[in-house]
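Only one structure is covered here, and it is reproduced in the block below.
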Amino acid sequence: MNSQIIVGGNIISELSEKIPSNLVALNELIKNAYDAGAKKVSILLDSSKKTLTIADNGSGMDKDDIDTLFHISTSEKIYGEMNKYKRYTQGSKGLGFLSVFKFGKSVEWITKKQAGLKFSIDFDEIVKITDIGEYEVPIIPFPTKSKGTQITIVLDSYNATALYNFFSIEKNYKKILNSFFDDNF
């Protein structure tokens with residue numbers, strides 16, 4: 001006689017709440033771009049549309065990379081190890097994906113490694129699932145010229161205001177700008 005471990009979708013909510021602040025969550029997303037060899041990351045807060053977009057010119061993702069992204073708490077990266085981009089790896093816990101839900105519940109990724117791909121996740125849809133292991137994220141081909149990844153998060157009202165107020169203070173946005181000591185980033 002056997003039994004099976006089933007993990008409900010609410011685990012995504014529980015884990016994403018463990019990220020202590022918006023600054024930590026945003027840094028997690030920037031670390032992913034850095035580890036992907038990006039030389040540039042742009043962060044656009046559109047308070048009228050209530051969106052936060054993080055775009056990089058890193059290596060982008062293919063289907064295997066997306067599968068790794070969704071393998072929560074597992075990472076092929078080793079913190080502090082020199083990676084193929086001649087950078088010390090910043091992320092390694094496999095939790096960066098959860099950072100997007102610190103800001104809002106609807107997220108879309110557009111990415112290109114060899115070919116452009118697009119996928120999105122609705123937080124409210126995931127947390128209702130009885131067995132998260134059976135949830136499938138549709139990935140569709142998407143024409144994009146540039147290599148890299150763009151994440152667009154539809155912000156909830158609280159985070160739209162909180163991020164606007166946070167980035168209105170010079171020392172706060174400089175914390176983001178100065179979190180990496182790398183002349184090539």
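Identifiers in the structure tokens: chain A, B, ... in order shown; residue index from 1 per chain; ligand index from 1 in order shown.
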Contact residues around region 94-106 of chain A with only C-alpha atoms at 7 Å, ignoring same-chain residues under 6 positions, as a ChimeraX atom specification
/A:16,22,25,28-29,69,72-75,121-124,153-156,159
Report as a PyMOL selection string all protein, DNA and RNA residues lying within 12 Å of Lys86 (chain A), evaluated on only C-alpha atoms, omitting residues in the same chain fewer than 5 positions from it.
chain A and resi 34-38+80-81+182+184-185
DSSP on the backbone, then: every residue of chain A marked helix (DSSP H, G or I), written as a ChimeraX atom specification.
/A:10-16,22-35,63-69,96-102,123-127,132-134,157-167,170-177
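Among the candidates A:Ala115, A:Ile169, A:Ile151, A:Met1, the one nearest to Leu52 (chain A) when counting only C-alpha atoms is A:Ile151.
Distance annotation: of A:Gln150, A:Ser13, A:Asn172, A:Asn2, the residue with the minimal separation from Ile110 (chain A) is A:Gln150; atom set is only C-alpha atoms.
With distances restricted to only C-alpha atoms, A:Lys31 is the closest residue to Tyr88 (chain A) from A:Lys31, A:Ser168, A:Asn10, A:Leu23.
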What are the DSSP strand (DSSP E) residues of region 102-145 of chain A, as a list in words?
Gly104, Lys105, Ser106, Val107, Glu108, Trp109, Ile110, Thr111, Lys112, Gly116, Leu117, Lys118, Phe119, Ser120, Ile121, Asp122, Ile140 and Pro141 of chain A
Lys112 (chain A): which residues within 9 Å, counting only C-alpha atoms, same-chain residues fewer than 2 positions away excluded, as a PDB file with N, CA and C atoms, in the first residue's frame?
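Listed below is the output, out-v7.pdb:
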```
ATOM      1  N   SER A  59      20.973  36.036 -21.381  1.00  0.00           N
ATOM      2  CA  SER A  59      20.935  34.888 -22.292  1.00  0.00           C
ATOM      3  C   SER A  59      19.525  34.451 -22.670  1.00  0.00           C
ATOM      4  N   GLY A  60      18.514  34.894 -21.928  1.00  0.00           N
ATOM      5  CA  GLY A  60      17.150  34.462 -22.209  1.00  0.00           C
ATOM      6  C   GLY A  60      16.924  33.029 -21.768  1.00  0.00           C
ATOM      7  N   MET A  61      15.713  32.547 -21.999  1.00  0.00           N
ATOM      8  CA  MET A  61      15.361  31.194 -21.576  1.00  0.00           C
ATOM      9  C   MET A  61      14.792  30.396 -22.747  1.00  0.00           C
ATOM     10  N   ASP A  62      15.067  29.113 -22.712  1.00  0.00           N
ATOM     11  CA  ASP A  62      14.409  28.177 -23.624  1.00  0.00           C
ATOM     12  C   ASP A  62      13.502  27.302 -22.758  1.00  0.00           C
ATOM     13  N   ILE A 110       8.287  37.324 -21.354  1.00  0.00           N
ATOM     14  CA  ILE A 110       8.651  37.205 -22.771  1.00  0.00           C
ATOM     15  C   ILE A 110      10.152  36.998 -22.756  1.00  0.00           C
ATOM     16  N   GLN A 114      17.071  31.076 -28.145  1.00  0.00           N
ATOM     17  CA  GLN A 114      17.171  30.863 -29.594  1.00  0.00           C
ATOM     18  C   GLN A 114      15.917  31.405 -30.288  1.00  0.00           C
ATOM     19  N   ALA A 115      14.756  31.134 -29.704  1.00  0.00           N
ATOM     20  CA  ALA A 115      13.480  31.574 -30.271  1.00  0.00           C
ATOM     21  C   ALA A 115      12.679  32.265 -29.177  1.00  0.00           C
ATOM     22  N   GLY A 116      11.824  33.189 -29.560  1.00  0.00           N
ATOM     23  CA  GLY A 116      11.008  33.910 -28.605  1.00  0.00           C
ATOM     24  C   GLY A 116       9.899  33.046 -28.028  1.00  0.00           C
ATOM     25  N   LEU A 117       9.693  33.173 -26.724  1.00  0.00           N
ATOM     26  CA  LEU A 117       8.655  32.433 -26.019  1.00  0.00           C
ATOM     27  C   LEU A 117       7.921  33.381 -25.077  1.00  0.00           C
ATOM     28  N   LYS A 118       6.659  33.054 -24.828  1.00  0.00           N
ATOM     29  CA  LYS A 118       5.853  33.868 -23.920  1.00  0.00           C
ATOM     30  C   LYS A 118       5.029  32.931 -23.038  1.00  0.00           C
ATOM     31  N   PHE A 142       6.666  33.352 -29.512  1.00  0.00           N
ATOM     32  CA  PHE A 142       6.382  34.789 -29.530  1.00  0.00           C
ATOM     33  C   PHE A 142       7.509  35.505 -30.267  1.00  0.00           C
ATOM     34  N   PRO A 143       7.167  36.210 -31.330  1.00  0.00           N
ATOM     35  CA  PRO A 143       8.226  36.886 -32.096  1.00  0.00           C
ATOM     36  C   PRO A 143       8.821  38.062 -31.313  1.00  0.00           C
ATOM     37  N   THR A 144      10.091  37.981 -31.059  1.00  0.00           N
ATOM     38  CA  THR A 144      10.815  39.066 -30.413  1.00  0.00           C
ATOM     39  C   THR A 144      12.214  39.105 -31.006  1.00  0.00           C
ATOM     40  N   LYS A 145      12.717  40.294 -31.208  1.00  0.00           N
ATOM     41  CA  LYS A 145      14.023  40.446 -31.847  1.00  0.00           C
ATOM     42  C   LYS A 145      15.170  40.263 -30.867  1.00  0.00           C
ATOM     43  N   SER A 146      14.982  40.773 -29.674  1.00  0.00           N
ATOM     44  CA  SER A 146      16.125  40.816 -28.774  1.00  0.00           C
ATOM     45  C   SER A 146      16.181  39.637 -27.817  1.00  0.00           C
ATOM     46  N   LYS A 147      17.400  39.204 -27.591  1.00  0.00           N
ATOM     47  CA  LYS A 147      17.694  38.145 -26.640  1.00  0.00           C
ATOM     48  C   LYS A 147      17.533  38.714 -25.235  1.00  0.00           C
ATOM     49  N   GLY A 148      17.080  37.883 -24.321  1.00  0.00           N
ATOM     50  CA  GLY A 148      16.913  38.315 -22.942  1.00  0.00           C
ATOM     51  C   GLY A 148      15.533  37.960 -22.429  1.00  0.00           C
ATOM     52  N   THR A 149      15.191  38.557 -21.306  1.00  0.00           N
ATOM     53  CA  THR A 149      13.913  38.268 -20.666  1.00  0.00           C
ATOM     54  C   THR A 149      13.260  39.557 -20.187  1.00  0.00           C
TER      55      THR A 149
END
```
Quick one, how far is CA of Val127 (chain A) from CA of Ile12 (chain A)?
6.7 Å
Pick the closest to Gly9 (chain A) from A:Ala33, A:Ile43, A:Gln90, A:Gly133: which is it, counting only C-alpha atoms?
A:Gly133
